[in-house]
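Q: Shown below is the structure under consideration.
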Number of protein chains: 4
Amino acid sequence: MIRPGADDWRFKLHEIIYETHTPAGKAFDVSLLIAIFASITVVMLDSVASIHQHYGGLFHITEWVFTVLFTIEYILRLICIRRPIKYVISPLGIIDFVALIPSYLSILFIGAQSLLVFRALRLLRVFRIFKLGQFLTEINFLTQALKNSFRKISIFLLTVLTITVILGSIMYLVEQRENGFSNIPESIYWAIVTITTVGYGDISPITPLGKFVASVVMLIGYAIIAVPTGILTHDIAIAASKKKELQEACPSCGREGHESDAMFCKFCGSSLFR
Amino acid sequence: MIRPGADDWRFKLHEIIYETHTPAGKAFDVSLLIAIFASITVVMLDSVASIHQHYGGLFHITEWVFTVLFTIEYILRLICIRRPIKYVISPLGIIDFVALIPSYLSILFIGAQSLLVFRALRLLRVFRIFKLGQFLTEINFLTQALKNSFRKISIFLLTVLTITVILGSIMYLVEQRENGFSNIPESIYWAIVTITTVGYGDISPITPLGKFVASVVMLIGYAIIAVPTGILTHDIAIAASKKKELQEACPSCGREGHESDAMFCKFCGSSLFR
Amino acid sequence: MIRPGADDWRFKLHEIIYETHTPAGKAFDVSLLIAIFASITVVMLDSVASIHQHYGGLFHITEWVFTVLFTIEYILRLICIRRPIKYVISPLGIIDFVALIPSYLSILFIGAQSLLVFRALRLLRVFRIFKLGQFLTEINFLTQALKNSFRKISIFLLTVLTITVILGSIMYLVEQRENGFSNIPESIYWAIVTITTVGYGDISPITPLGKFVASVVMLIGYAIIAVPTGILTHDIAIAASKKKELQEACPSCGREGHESDAMFCKFCGSSLFR
Amino acid sequence: MIRPGADDWRFKLHEIIYETHTPAGKAFDVSLLIAIFASITVVMLDSVASIHQHYGGLFHITEWVFTVLFTIEYILRLICIRRPIKYVISPLGIIDFVALIPSYLSILFIGAQSLLVFRALRLLRVFRIFKLGQFLTEINFLTQALKNSFRKISIFLLTVLTITVILGSIMYLVEQRENGFSNIPESIYWAIVTITTVGYGDISPITPLGKFVASVVMLIGYAIIAVPTGILTHDIAIAASKKKELQEACPSCGREGHESDAMFCKFCGSSLFR
């Protein structure tokens, strides 16, 4: 436990690093976000061969600077939190760690540096900026709607996957293992590309029967894209009506959640007199 | 009819194989699903040439093991049900049979084994797991909405098909039987690929007029994708409001439309006593 | 005007050809639809080179049989209607005529037969089958919603077109007239292919800046596809609520159109007592 | 300030150029729109090499005619407005200026004429025609709904971008810098092409693992396209209900929510007297 007094600096540090309601906390979050953006930009540019040739050395130094900065940040996070283990095994803690190790591994193993791309995962911290301000209501609202939809959309995706496995297998028979449909996993990949209306065209049917089956797959994909949309639209409306209810309160019992056309409190039976 | 006593084992077997409310029934359903997944995975991997070369023999044996298992399951299903014919001619019964025969046919005809891909159809049993638990409400809800939408979405798909036939025929004239638009069915296939926004690019217009017609097709497709979504969203809202309404009615004034957490009628103020 | 007596057969013919409520009228509509389907199938198959080689002669005869049949139908339609000119200049009348002439033109001009593809337009008569039965409610409902949305979706498509002209022009500058972006109309075609998420890939950006602009176009397209859907979903809900209102009527003044939570008639003020 | 009398012509000119309620104002707006369309058509056609060869000279003259016309328009706009600077730095003012300069720059610099494509931006004036008439309600309604959705759709697009950066980076590792995934920005471009379901196919995965990751990206894209639609559909419904509510309130009981055709309050039965 953090006692006031001796560990006062740890308490203050915790407020800066983990909280956002103080000016110092806000400043820390914003600077961290800028550092993450900068570090990812460096990794990105370094991956382009022509840029690497000219600035490879500079990028190498910059990457180490960011690695050192993020290492200090990681150690500070460990020091100022009450239960460091909980942070280490949390999703954000694992991402923070994974973003650090590639640089250190690159001393031991050549090529480990390419794992630096995982630093992109730190971008997920971008959603913390919503905690800083006026986006809070919208993000809560959307998250609520998505949570409610999650199960239904999972069932939908499972159905889509089942359909693609079946249609992919049939297509493997129809196109006779040629024309890119060389095996069943490949055919299923094609079915996913088609049903989601992505349509790369790297694999496409050649035979008339194959084209007919493909047309059926496309029309199915075109019709069922309505399903997740319908589900989510409904759950957004539900989440919105729940949010609305919070604004009304019974003058007698003070309970909330009445519908807009209610004339009597549904909990205590007294008039709402709105 | 199954009499208790002599056919007691048949009754128990029926409960295990066809029902899901007993622990044994649940266990059977889950193991069957795992067996189906495993058998399809084997068929899939066997279709990949490089894997077939190394493990072809092993896969051959595994496929026969699954065939024997599924044959036993099929026979048990026939024995323990009152009207075996009804099961045999039911969709699931036909799928179960179709999943068995390719292995036996492969003894007589070389190549019949490739029909094993139809085993993927057994994946449809995956939807039985929803009967096992908490997905039941969601699946009923979605099925209801889809049933209500079915007719309207059929009309929509018929309209889309009519449009593609007309636009495909026009495109066949415009692109002068070249550039992949070699005949009308081919042009209709292109129109379906385009209007569903899949866009493989295996056939695409070359002439300026063809590109203009294609642009019109794309914009139509972009605008009318709204139709099935609008239909389904509405029917989901209807299905949801019906689900809600079924739970409530005021005993005093008889008015309906109370929320699930209401204790007093919002119209007359008397207790709902639910 | 058709007088009863002398022109009795014309009146009966009118009922058969233009109406659907008599058994003979239904039978005529269904046979006509089958004939249209058959004639289009013949035109389609004839366009496939390999099939044309074998059955070209047969198809030629069949096409003339259908032409004669449709000519008789066209003449009968002219005879039994009161104002033949009104039918001739109506959309369906023009389509019926356009479906006839290619065969006759082919006697004079070689190649005119290829215009037979316009026979596909007769497929639009398929929507008459909805008049035959239970689809009537759904089709009216959808047509109403689409009519209400028409203006808003037109504005949307105009906006999309403006965006594609601007983005296509910019892309023409960015990709420096190479890589398929050889002129502005071509670039606008690419912008339409991209913003509608069709994505043929026949023209795709090569330069880094071009790829950046393309990404922006795609994200715009991905976000604004929501607009027509949102519009239509709303108008379907409106059309549905209007349909619902028709079911309720005031016991005093008999006027309809009351909302589901109304207790007093909004037209005469007397209690609805529902 | 514009005084009446001496500057009467400036006042009248202002009414013609900036307003639409007078016949002269309407005529000016329509002619301007036609001129813009014509000038853009000329720029477009001139960009097509084969047309440029034949009519290049004619187009050159036409472009200068439009440039002079638009210059006169620009000067008149500056003269008749009270605060010319405000117009110059307004978005429409900048677009009007940018549409002029390329022609004048082309005297000094060869090739500057290609910047004429920016004249397409003037197409944005097309939305002024909605001010002329009956589209006003619809455009206000849509704009309101889009404004309400803007923040939520921004969060959505930010989330999509974060996902594409992460998935693009992972794909860069998986496909081992070959097959078109030569650097991270390129891989992110691929991820955007895939998640928006555009799917050019210029870059597509080759390795089995790459195809698996791509399938996941596609299914994510297929599921999350529901999000902006759901958001916008909800905000359109909100905007519609607000539009409706503004028209009504019972003078007796003060309750709102009456339909536009109501003459008596549906809650207390007294006349609405609207």
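Chain lettering (A, B, ...) mirrors the order of the structure tokens, residue numbering begins at 1 for each chain separately, and ligand numbering begins at 1 in order of display.
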What are the closest atom pairs, with distances in Å to one decimal, for all residues of chain C lying within 6 Å of chain B? Consider only C-alpha atoms, order rows by chain and residue number, and present the result as a Markdown table.
A:
| residue | atom | partner | partner_atom | distance |
| --- | --- | --- | --- | --- |
| C:Met44 | CA | B:Ile184 | CA | 5.3 |
| C:Ser47 | CA | B:Asn183 | CA | 5.0 |
| C:Val48 | CA | B:Asn183 | CA | 5.1 |
| C:Val117 | CA | B:Ser169 | CA | 5.5 |
| C:Ala120 | CA | B:Ile166 | CA | 5.4 |
| C:Leu121 | CA | B:Ile166 | CA | 5.9 |
| C:Thr196 | CA | B:Tyr222 | CA | 5.7 |
| C:Thr197 | CA | B:Thr197 | CA | 5.9 |
| C:Val198 | CA | B:Thr197 | CA | 4.1 |
| C:Gly199 | CA | B:Gly199 | CA | 5.4 |
| C:Tyr200 | CA | B:Gly201 | CA | 4.0 |
| C:Gly201 | CA | B:Gly201 | CA | 5.9 |
| C:Pro228 | CA | B:Ala226 | CA | 5.8 |
| C:Thr229 | CA | B:Ala226 | CA | 4.1 |
| C:Leu232 | CA | B:Gly230 | CA | 5.7 |
| C:Thr233 | CA | B:Gly230 | CA | 3.9 |
Q: Can you spit out the residues from that selection as an mmCIF file, in the first residue's frame, using all heavy atoms?
A:
data_model
loop_
_atom_site.group_PDB
_atom_site.id
_atom_site.type_symbol
_atom_site.label_atom_id
_atom_site.label_comp_id
_atom_site.auth_asym_id
_atom_site.auth_seq_id
_atom_site.Cartn_x
_atom_site.Cartn_y
_atom_site.Cartn_z
ATOM 1 N N MET C 44 -29.854 -15.476 -74.981
ATOM 2 C CA MET C 44 -28.638 -15.650 -74.171
ATOM 3 C C MET C 44 -27.768 -16.785 -74.685
ATOM 4 O O MET C 44 -26.572 -16.615 -74.913
ATOM 5 C CB MET C 44 -29.042 -15.986 -72.726
ATOM 6 C CG MET C 44 -29.289 -14.802 -71.855
ATOM 7 S SD MET C 44 -29.508 -15.429 -70.196
ATOM 8 C CE MET C 44 -30.254 -14.004 -69.446
ATOM 9 N N SER C 47 -25.923 -16.297 -77.857
ATOM 10 C CA SER C 47 -24.759 -15.403 -77.808
ATOM 11 C C SER C 47 -23.477 -16.150 -77.446
ATOM 12 O O SER C 47 -22.374 -15.629 -77.631
ATOM 13 C CB SER C 47 -25.011 -14.270 -76.799
ATOM 14 O OG SER C 47 -24.853 -14.743 -75.482
ATOM 15 N N VAL C 48 -23.625 -17.388 -76.922
ATOM 16 C CA VAL C 48 -22.434 -18.178 -76.586
ATOM 17 C C VAL C 48 -21.948 -18.862 -77.866
ATOM 18 O O VAL C 48 -22.674 -19.675 -78.454
ATOM 19 C CB VAL C 48 -22.751 -19.218 -75.487
ATOM 20 C CG1 VAL C 48 -21.497 -19.987 -75.097
ATOM 21 C CG2 VAL C 48 -23.369 -18.540 -74.280
ATOM 22 N N VAL C 117 -31.108 -8.319 -77.764
ATOM 23 C CA VAL C 117 -30.840 -8.304 -76.322
ATOM 24 C C VAL C 117 -31.802 -7.368 -75.594
ATOM 25 O O VAL C 117 -32.051 -7.533 -74.411
ATOM 26 C CB VAL C 117 -29.391 -7.885 -75.999
ATOM 27 C CG1 VAL C 117 -28.398 -8.871 -76.556
ATOM 28 C CG2 VAL C 117 -29.111 -6.480 -76.488
ATOM 29 N N ALA C 120 -34.598 -8.396 -73.235
ATOM 30 C CA ALA C 120 -34.429 -8.559 -71.783
ATOM 31 C C ALA C 120 -35.245 -7.536 -71.001
ATOM 32 O O ALA C 120 -35.660 -7.785 -69.875
ATOM 33 C CB ALA C 120 -32.953 -8.444 -71.407
ATOM 34 N N LEU C 121 -35.489 -6.372 -71.648
ATOM 35 C CA LEU C 121 -36.280 -5.335 -70.972
ATOM 36 C C LEU C 121 -37.692 -5.815 -70.639
ATOM 37 O O LEU C 121 -38.301 -5.340 -69.688
ATOM 38 C CB LEU C 121 -36.368 -4.074 -71.853
ATOM 39 C CG LEU C 121 -35.091 -3.236 -71.931
ATOM 40 C CD1 LEU C 121 -35.215 -2.208 -73.040
ATOM 41 C CD2 LEU C 121 -34.817 -2.551 -70.612
ATOM 42 N N THR C 196 -17.434 3.412 -54.508
ATOM 43 C CA THR C 196 -18.529 2.458 -54.335
ATOM 44 C C THR C 196 -18.014 1.125 -53.793
ATOM 45 O O THR C 196 -18.789 0.170 -53.686
ATOM 46 C CB THR C 196 -19.244 2.192 -55.672
ATOM 47 O OG1 THR C 196 -18.280 1.731 -56.616
ATOM 48 C CG2 THR C 196 -19.920 3.436 -56.205
ATOM 49 N N THR C 197 -16.727 1.058 -53.460
ATOM 50 C CA THR C 197 -16.069 -0.146 -52.934
ATOM 51 C C THR C 197 -16.131 -1.331 -53.896
ATOM 52 O O THR C 197 -15.987 -2.472 -53.463
ATOM 53 C CB THR C 197 -16.613 -0.582 -51.547
ATOM 54 O OG1 THR C 197 -17.858 -1.248 -51.717
ATOM 55 C CG2 THR C 197 -16.758 0.570 -50.588
ATOM 56 N N VAL C 198 -16.332 -1.076 -55.204
ATOM 57 C CA VAL C 198 -16.287 -2.164 -56.178
ATOM 58 C C VAL C 198 -14.837 -2.637 -56.347
ATOM 59 O O VAL C 198 -14.527 -3.804 -56.147
ATOM 60 C CB VAL C 198 -16.890 -1.727 -57.541
ATOM 61 C CG1 VAL C 198 -16.628 -2.780 -58.609
ATOM 62 C CG2 VAL C 198 -18.378 -1.503 -57.396
ATOM 63 N N GLY C 199 -13.948 -1.722 -56.715
ATOM 64 C CA GLY C 199 -12.525 -2.026 -56.754
ATOM 65 C C GLY C 199 -12.117 -3.102 -57.730
ATOM 66 O O GLY C 199 -11.635 -4.154 -57.327
ATOM 67 N N TYR C 200 -12.284 -2.848 -59.051
ATOM 68 C CA TYR C 200 -11.846 -3.832 -60.045
ATOM 69 C C TYR C 200 -10.356 -4.091 -59.951
ATOM 70 O O TYR C 200 -9.895 -5.210 -60.055
ATOM 71 C CB TYR C 200 -12.133 -3.319 -61.466
ATOM 72 C CG TYR C 200 -13.568 -3.373 -61.878
ATOM 73 C CD1 TYR C 200 -14.158 -2.292 -62.504
ATOM 74 C CD2 TYR C 200 -14.324 -4.514 -61.667
ATOM 75 C CE1 TYR C 200 -15.471 -2.342 -62.909
ATOM 76 C CE2 TYR C 200 -15.640 -4.566 -62.072
ATOM 77 C CZ TYR C 200 -16.211 -3.472 -62.695
ATOM 78 O OH TYR C 200 -17.504 -3.524 -63.090
ATOM 79 N N GLY C 201 -9.587 -3.007 -59.821
ATOM 80 C CA GLY C 201 -8.144 -3.159 -59.867
ATOM 81 C C GLY C 201 -7.595 -2.994 -61.265
ATOM 82 O O GLY C 201 -6.401 -3.186 -61.481
ATOM 83 N N PRO C 228 -27.301 6.421 -47.617
ATOM 84 C CA PRO C 228 -28.562 5.925 -48.193
ATOM 85 C C PRO C 228 -29.259 4.913 -47.296
ATOM 86 O O PRO C 228 -30.486 4.877 -47.223
ATOM 87 C CB PRO C 228 -28.137 5.299 -49.524
ATOM 88 C CG PRO C 228 -26.679 5.067 -49.404
ATOM 89 C CD PRO C 228 -26.154 6.107 -48.475
ATOM 90 N N THR C 229 -28.459 4.083 -46.605
ATOM 91 C CA THR C 229 -29.048 3.090 -45.709
ATOM 92 C C THR C 229 -29.836 3.765 -44.603
ATOM 93 O O THR C 229 -30.973 3.387 -44.308
ATOM 94 C CB THR C 229 -27.940 2.207 -45.105
ATOM 95 O OG1 THR C 229 -27.131 1.728 -46.164
ATOM 96 C CG2 THR C 229 -28.520 1.053 -44.343
ATOM 97 N N LEU C 232 -33.076 5.271 -46.035
ATOM 98 C CA LEU C 232 -34.098 4.300 -46.387
ATOM 99 C C LEU C 232 -34.674 3.613 -45.161
ATOM 100 O O LEU C 232 -35.885 3.393 -45.078
ATOM 101 C CB LEU C 232 -33.518 3.262 -47.354
ATOM 102 C CG LEU C 232 -34.582 2.503 -48.117
ATOM 103 C CD1 LEU C 232 -35.339 3.446 -49.022
ATOM 104 C CD2 LEU C 232 -33.979 1.384 -48.912
ATOM 105 N N THR C 233 -33.804 3.280 -44.207
ATOM 106 C CA THR C 233 -34.280 2.633 -42.981
ATOM 107 C C THR C 233 -35.312 3.509 -42.307
ATOM 108 O O THR C 233 -36.372 3.038 -41.870
ATOM 109 C CB THR C 233 -33.101 2.381 -42.023
ATOM 110 O OG1 THR C 233 -32.129 1.603 -42.704
ATOM 111 C CG2 THR C 233 -33.554 1.642 -40.778
#
Q: I need the residues in stretch 61-126 of chain A that are helix (DSSP H, G or I) according to DSSP; give them as a ChimeraX atom specification.
A: /A:61-80,84-88,91-98,101-108,112-126
Q: Could you tell me which of B:Ala27, B:Ala240, B:Ile34, B:Ile85 comes closest to B:Leu123 if we count only C-alpha atoms?
A: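 That would be B:Ile34, the residue with the smallest distance to B:Leu123.
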